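This report refers to the structure that appears directly beneath it.
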Amino acid sequence: MSDSLSRWRQPHDFRHRHEAAAERRLRWVIGITLLTMIVELAGGYAFGSMALLADGWHMGSHAAALSISVLGYVAARRFVGHMHFTFGTGKIGPLAAYSSALLLGAVALVMAVQSVQRLIAPVPVDFDEALLLAVVGFVVNIACAWILRGRHDSGHTHGHGRDAHHDHNLAAAYLHVIADALTSLLAIAALLGGKLFGWVALDAATGLVGAVVIAHWSLGLLRRSARVLMDAEDTGPLTERVRTLLERNGSRVADLHVWRVGLEAYACIATVVTREPTSADAFKERLAQVREIRHVTIEVNVSD
């Protein structure tokens with residue numbers, strides 16, 4: 001009996017073709033970050049530098065945040081077809097992004113607190129050593145951003161809404177890298193100001209600026225990923241396109257729901273009312289031209 005049902009079954013693997021490449025890139029970035037962490041920790045213990053030790057452990061937390069993104073891809077691949085995932089594993093990526101955005105927000109909060117503390121009670125700064133550290137950190141993060149370049153957003157919308165093909169999971173990893181690069185760049189500017197002009201407070205002030213910018217990025221990612229998790233995205237253009245196709249030849253749509261189930265995959269449930277008996281397959285054929293619609297359930301009712 002189960003074999004006879006195969007023609008009506010629909011696939012639930014909504015993973016995007018670029019996810020394997022994205023995961024490989026992330027693994028490279030984590031490897032570079034961990035190597036930098038080991039070098040800085042070894043140097044910190046060898047030379048007695050608290051600045052090196054602090055940045056080394058910061059690199060460790062950065063690698064942990066990026067690992068969340070990798071785990072998102074691994075879990076999505078591991079649980080494909082699992083019965084507990086009603087519409088596949090497409091939302092594991094946005095969930096990983098949401099978790100990573102929370103961690104990014106926590107980083108911003110810690111930066112803000114430490115910056116305020118240093119404004120209130122300035123501490124001596126070894127400008128030469130700190131500058132070298134900031135430059136190394138900036139170069140490493142630029143290298144990581146180059147590896148991830150252009151992969152956090154496919155840049156196409158196909159007319160069905162903003163952020164339509166946005167890989168929130170990879171975007172979260174990219175933001176962590178960019179946030180670190182921004183922090184290093186601000187630190188370089190502040191340390192140069194302190195070294196050349198004696199503006200010691202500039203270090204703490206730029207820390208506050210960096211915290212505000214990172215917090216803004218974090219909130220933006222939280223909003224975008226939360227909309228996906230709550231099925232609250234704006235799918236208006238895509239939904240209207242589906243409605244137009246279903247209502248061709250005098251049919252009417254009584255109920256319609258379109259929501260994301262993967263990076264470039266949407267599910268559709270519709271109730272259609274017709275005057276002439278029409279099969280659900282006929283309506284599914286109309287939607288076949290909409291490549292984003294990957295899972296379709298149609299209920300057909302004939303009106304009097």
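Starting from 1 in every chain, residues are counted up; chains themselves are A, B, ... following the order of the structure tokens, and ligands are numbered from 1 as listed.
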Assign secondary structure with DSSP using the backbone only, and return the residues of stretch 115-226 of chain A in alpha helix (DSSP H) as a PyMOL selection string. chain A and resi 115-120+127-148+168-197+201-226
Please provide the set of residues having any atom within 10 Å of A:Pro122, restricted to only C-alpha atoms, with same-chain residues fewer than 3 positions apart removed, written as JSON, numbers by chain. {"A": [115, 116, 117, 118, 119, 125, 200, 201, 203, 204]}
Within 6 Å of stretch 271-277 of chain A using only C-alpha atoms, minus same-chain residues under 3 positions, as a list in words: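 Residues near the query, excluding close chain neighbours: Ser251, Arg252, Val253, Ala254, Asp255, Ile298, Glu299, Val300, Asn301, Val302 and Ser303 of chain A.
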Would you put the residues from that selection into a file with N, CA and C atoms, as a PDB file, in the first residue's frame?
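The new file selection_34.pdb reads:
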```
ATOM      1  N   SER A 251     -11.868  30.784 -10.858  1.00  0.00           N
ATOM      2  CA  SER A 251     -11.778  30.184  -9.520  1.00  0.00           C
ATOM      3  C   SER A 251     -11.522  31.277  -8.491  1.00  0.00           C
ATOM      4  N   ARG A 252     -11.873  31.003  -7.246  1.00  0.00           N
ATOM      5  CA  ARG A 252     -11.649  31.962  -6.166  1.00  0.00           C
ATOM      6  C   ARG A 252     -10.907  31.294  -5.018  1.00  0.00           C
ATOM      7  N   VAL A 253      -9.998  32.050  -4.406  1.00  0.00           N
ATOM      8  CA  VAL A 253      -9.230  31.537  -3.275  1.00  0.00           C
ATOM      9  C   VAL A 253      -9.914  31.953  -1.980  1.00  0.00           C
ATOM     10  N   ALA A 254     -10.349  30.976  -1.208  1.00  0.00           N
ATOM     11  CA  ALA A 254     -11.008  31.257   0.063  1.00  0.00           C
ATOM     12  C   ALA A 254     -10.021  31.357   1.211  1.00  0.00           C
ATOM     13  N   ASP A 255      -8.923  30.637   1.116  1.00  0.00           N
ATOM     14  CA  ASP A 255      -7.924  30.650   2.188  1.00  0.00           C
ATOM     15  C   ASP A 255      -6.566  30.364   1.565  1.00  0.00           C
ATOM     16  N   ILE A 298      -3.554  21.589  -1.699  1.00  0.00           N
ATOM     17  CA  ILE A 298      -4.710  22.282  -2.264  1.00  0.00           C
ATOM     18  C   ILE A 298      -5.998  21.571  -1.868  1.00  0.00           C
ATOM     19  N   GLU A 299      -6.955  22.336  -1.351  1.00  0.00           N
ATOM     20  CA  GLU A 299      -8.309  21.830  -1.105  1.00  0.00           C
ATOM     21  C   GLU A 299      -9.232  22.503  -2.115  1.00  0.00           C
ATOM     22  N   VAL A 300      -9.996  21.688  -2.863  1.00  0.00           N
ATOM     23  CA  VAL A 300     -10.879  22.220  -3.895  1.00  0.00           C
ATOM     24  C   VAL A 300     -12.319  22.001  -3.492  1.00  0.00           C
ATOM     25  N   ASN A 301     -13.127  23.072  -3.537  1.00  0.00           N
ATOM     26  CA  ASN A 301     -14.555  23.004  -3.240  1.00  0.00           C
ATOM     27  C   ASN A 301     -15.338  23.531  -4.439  1.00  0.00           C
ATOM     28  N   VAL A 302     -16.442  22.854  -4.763  1.00  0.00           N
ATOM     29  CA  VAL A 302     -17.283  23.274  -5.876  1.00  0.00           C
ATOM     30  C   VAL A 302     -18.490  24.015  -5.307  1.00  0.00           C
ATOM     31  N   SER A 303     -18.657  25.289  -5.750  1.00  0.00           N
ATOM     32  CA  SER A 303     -19.776  26.097  -5.261  1.00  0.00           C
ATOM     33  C   SER A 303     -21.049  25.785  -6.037  1.00  0.00           C
TER      34      SER A 303
END
```
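Between A:Gly137 and the candidates A:Ala20, A:Leu109, A:Leu182, A:Ala226, the tightest atom-to-atom separation, counting only C-alpha atoms, involves A:Leu182.
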Do you have the atom CA of A:His62-atom CA of A:His176 distance handy? 7.2 Å
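With only C-alpha atoms as the atoms that count, the residue of A:Ala106, A:Val70, A:Val29, A:Ala288 with the shortest distance to A:Asn141 is A:Val29.
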Pick out the residues sitting within 10 Å of A:Arg241, and hand them over as an mmCIF file with N, CA, C and O atoms, in the first residue's frame; count only C-alpha atoms, and ignore anything fewer than 2 positions along from it in its own chain.
```cif
data_model
loop_
_atom_site.group_PDB
_atom_site.id
_atom_site.type_symbol
_atom_site.label_atom_id
_atom_site.label_comp_id
_atom_site.auth_asym_id
_atom_site.auth_seq_id
_atom_site.Cartn_x
_atom_site.Cartn_y
_atom_site.Cartn_z
ATOM 1 N N GLY A 159 11.170 39.243 -6.750
ATOM 2 C CA GLY A 159 9.899 39.930 -6.644
ATOM 3 C C GLY A 159 8.989 39.463 -5.537
ATOM 4 O O GLY A 159 7.798 39.732 -5.557
ATOM 5 N N HIS A 160 9.456 38.736 -4.556
ATOM 6 C CA HIS A 160 8.525 38.302 -3.512
ATOM 7 C C HIS A 160 8.964 38.711 -2.121
ATOM 8 O O HIS A 160 8.714 38.043 -1.135
ATOM 9 N N GLY A 236 4.123 39.016 0.720
ATOM 10 C CA GLY A 236 3.038 39.602 -0.074
ATOM 11 C C GLY A 236 3.139 39.401 -1.572
ATOM 12 O O GLY A 236 2.211 38.845 -2.188
ATOM 13 N N PRO A 237 4.233 39.819 -2.237
ATOM 14 C CA PRO A 237 4.330 39.660 -3.699
ATOM 15 C C PRO A 237 4.216 38.207 -4.148
ATOM 16 O O PRO A 237 3.543 37.911 -5.137
ATOM 17 N N LEU A 238 4.881 37.283 -3.417
ATOM 18 C CA LEU A 238 4.810 35.875 -3.777
ATOM 19 C C LEU A 238 3.394 35.338 -3.560
ATOM 20 O O LEU A 238 2.857 34.598 -4.396
ATOM 21 N N THR A 239 2.773 35.720 -2.453
ATOM 22 C CA THR A 239 1.415 35.271 -2.164
ATOM 23 C C THR A 239 0.438 35.762 -3.220
ATOM 24 O O THR A 239 -0.446 35.009 -3.671
ATOM 25 N N ARG A 243 -1.922 33.614 -5.687
ATOM 26 C CA ARG A 243 -3.366 33.860 -5.741
ATOM 27 C C ARG A 243 -3.823 34.081 -7.182
ATOM 28 O O ARG A 243 -4.858 33.547 -7.616
ATOM 29 N N THR A 244 -3.072 34.880 -7.924
ATOM 30 C CA THR A 244 -3.435 35.165 -9.317
ATOM 31 C C THR A 244 -3.483 33.895 -10.155
ATOM 32 O O THR A 244 -4.404 33.693 -10.960
ATOM 33 N N LEU A 245 -2.508 33.015 -9.966
ATOM 34 C CA LEU A 245 -2.472 31.766 -10.731
ATOM 35 C C LEU A 245 -3.630 30.845 -10.348
ATOM 36 O O LEU A 245 -4.237 30.209 -11.214
ATOM 37 N N LEU A 246 -3.946 30.789 -9.065
ATOM 38 C CA LEU A 246 -5.022 29.910 -8.619
ATOM 39 C C LEU A 246 -6.394 30.417 -9.044
ATOM 40 O O LEU A 246 -7.327 29.627 -9.257
ATOM 41 N N LEU A 287 0.812 26.158 -10.338
ATOM 42 C CA LEU A 287 1.856 26.682 -9.445
ATOM 43 C C LEU A 287 3.232 26.119 -9.760
ATOM 44 O O LEU A 287 4.220 26.553 -9.167
ATOM 45 N N VAL A 290 6.100 28.492 -10.439
ATOM 46 C CA VAL A 290 6.664 29.276 -9.337
ATOM 47 C C VAL A 290 7.697 28.397 -8.641
ATOM 48 O O VAL A 290 7.368 27.589 -7.779
#
```
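From atom CA of A:Val177 back to atom CA of A:Val209, the distance works out to 17.1 Å.
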